[in-house]
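In what follows, a structure is listed as structure tokens, so that the remarks can point back to it.
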Amino acid sequence: MANIKSAKKRILVNETKNARNKAIKSRVKTAVKKVEAAVAKKDAEAAQTALKAAIVEITKAGSKGVYHKNTVARKVSRLTKAVNSIA
């Protein structure tokens, strides 16, 4: 356990940031799963709407620093490609 005041603060701050990042990643994963489920069912309409929502979540996560910009681009690209394949 940390004895120094600043080290104790770092522990608290890291726990807070960890919880925030985990929540954001969870939202992204849920949105991605919805897109993949719609693609698996070959439901183009649902896939398009789910894709729009997923892109918003992914770009938000990128702007908040949870994901690197290249990771954001890769995730969006792969989802878009999957949706376009059934259209």
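To be explicit about the labels: the chains of the structure tokens are called A, B, and onward in the order shown, and within each one the residues are counted from 1, while ligands get numbers from 1 in the order they are shown.
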Q: Write out as a list in words which residues come within 10 Å of A:Ala46 when counting only C-alpha atoms, dropping same-chain ones fewer than 3 positions away.
A: Lys34, Val35, Ala37, Ala38, Val39, Lys41, Lys42, Asp43, Thr49, Ala50, Leu51 and Val83 of chain A
Q. Using only C-alpha atoms, which residues sit within 9 Å of stretch 69-82 of chain A once same-chain residues fewer than 6 positions away are excluded, as a PyMOL selection string?
A. chain A and resi 32+35-36+39+48+51+54-55+58-59+61-63
Write the residues you've just listed into a file as a PDB file, in the first residue's frame, and include N, CA and C atoms for each of them.
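Done, and the output landed in result.pdb:
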```
ATOM      1  N   VAL A  32     -20.984  -2.731 -31.363  1.00  0.00           N
ATOM      2  CA  VAL A  32     -20.376  -3.573 -32.401  1.00  0.00           C
ATOM      3  C   VAL A  32     -21.123  -4.899 -32.501  1.00  0.00           C
ATOM      4  N   VAL A  35     -24.308  -4.561 -34.494  1.00  0.00           N
ATOM      5  CA  VAL A  35     -24.047  -4.520 -35.942  1.00  0.00           C
ATOM      6  C   VAL A  35     -23.768  -5.926 -36.455  1.00  0.00           C
ATOM      7  N   GLU A  36     -22.917  -6.654 -35.764  1.00  0.00           N
ATOM      8  CA  GLU A  36     -22.556  -8.003 -36.205  1.00  0.00           C
ATOM      9  C   GLU A  36     -23.753  -8.943 -36.193  1.00  0.00           C
ATOM     10  N   VAL A  39     -25.804  -8.130 -39.251  1.00  0.00           N
ATOM     11  CA  VAL A  39     -25.126  -8.646 -40.447  1.00  0.00           C
ATOM     12  C   VAL A  39     -25.317 -10.157 -40.538  1.00  0.00           C
ATOM     13  N   GLN A  48     -27.702  -1.045 -40.981  1.00  0.00           N
ATOM     14  CA  GLN A  48     -27.368   0.358 -41.269  1.00  0.00           C
ATOM     15  C   GLN A  48     -27.598   1.240 -40.041  1.00  0.00           C
ATOM     16  N   LEU A  51     -25.074   0.419 -37.440  1.00  0.00           N
ATOM     17  CA  LEU A  51     -23.753   0.916 -37.847  1.00  0.00           C
ATOM     18  C   LEU A  51     -23.597   2.388 -37.500  1.00  0.00           C
ATOM     19  N   ALA A  54     -23.061   2.674 -33.853  1.00  0.00           N
ATOM     20  CA  ALA A  54     -21.744   2.149 -33.479  1.00  0.00           C
ATOM     21  C   ALA A  54     -20.641   3.130 -33.843  1.00  0.00           C
ATOM     22  N   ILE A  55     -20.759   3.755 -35.001  1.00  0.00           N
ATOM     23  CA  ILE A  55     -19.733   4.720 -35.429  1.00  0.00           C
ATOM     24  C   ILE A  55     -19.683   5.891 -34.445  1.00  0.00           C
ATOM     25  N   ILE A  58     -17.916   4.640 -31.280  1.00  0.00           N
ATOM     26  CA  ILE A  58     -16.480   4.404 -31.497  1.00  0.00           C
ATOM     27  C   ILE A  58     -15.726   5.719 -31.600  1.00  0.00           C
ATOM     28  N   THR A  59     -16.276   6.683 -32.343  1.00  0.00           N
ATOM     29  CA  THR A  59     -15.576   7.965 -32.494  1.00  0.00           C
ATOM     30  C   THR A  59     -15.550   8.735 -31.171  1.00  0.00           C
ATOM     31  N   ALA A  61     -15.374   7.326 -28.232  1.00  0.00           N
ATOM     32  CA  ALA A  61     -14.326   6.660 -27.449  1.00  0.00           C
ATOM     33  C   ALA A  61     -12.950   7.131 -27.907  1.00  0.00           C
ATOM     34  N   GLY A  62     -12.789   7.325 -29.200  1.00  0.00           N
ATOM     35  CA  GLY A  62     -11.517   7.818 -29.733  1.00  0.00           C
ATOM     36  C   GLY A  62     -11.229   9.233 -29.293  1.00  0.00           C
ATOM     37  N   SER A  63     -12.248  10.084 -29.301  1.00  0.00           N
ATOM     38  CA  SER A  63     -12.037  11.479 -28.918  1.00  0.00           C
ATOM     39  C   SER A  63     -11.764  11.624 -27.425  1.00  0.00           C
TER      40      SER A  63
END
```
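With only C-alpha atoms taken into account, the protein and nucleic acid residues at most 12 Å from A:Lys60 (excluding it and anything under 5 positions from it in its own chain) are Asn21, Ile24, Lys25, Arg27, Val28, Ala53, Ala54, Ile55, Gly65, Val66, Tyr67, His68, Lys69 and Val72 of chain A.
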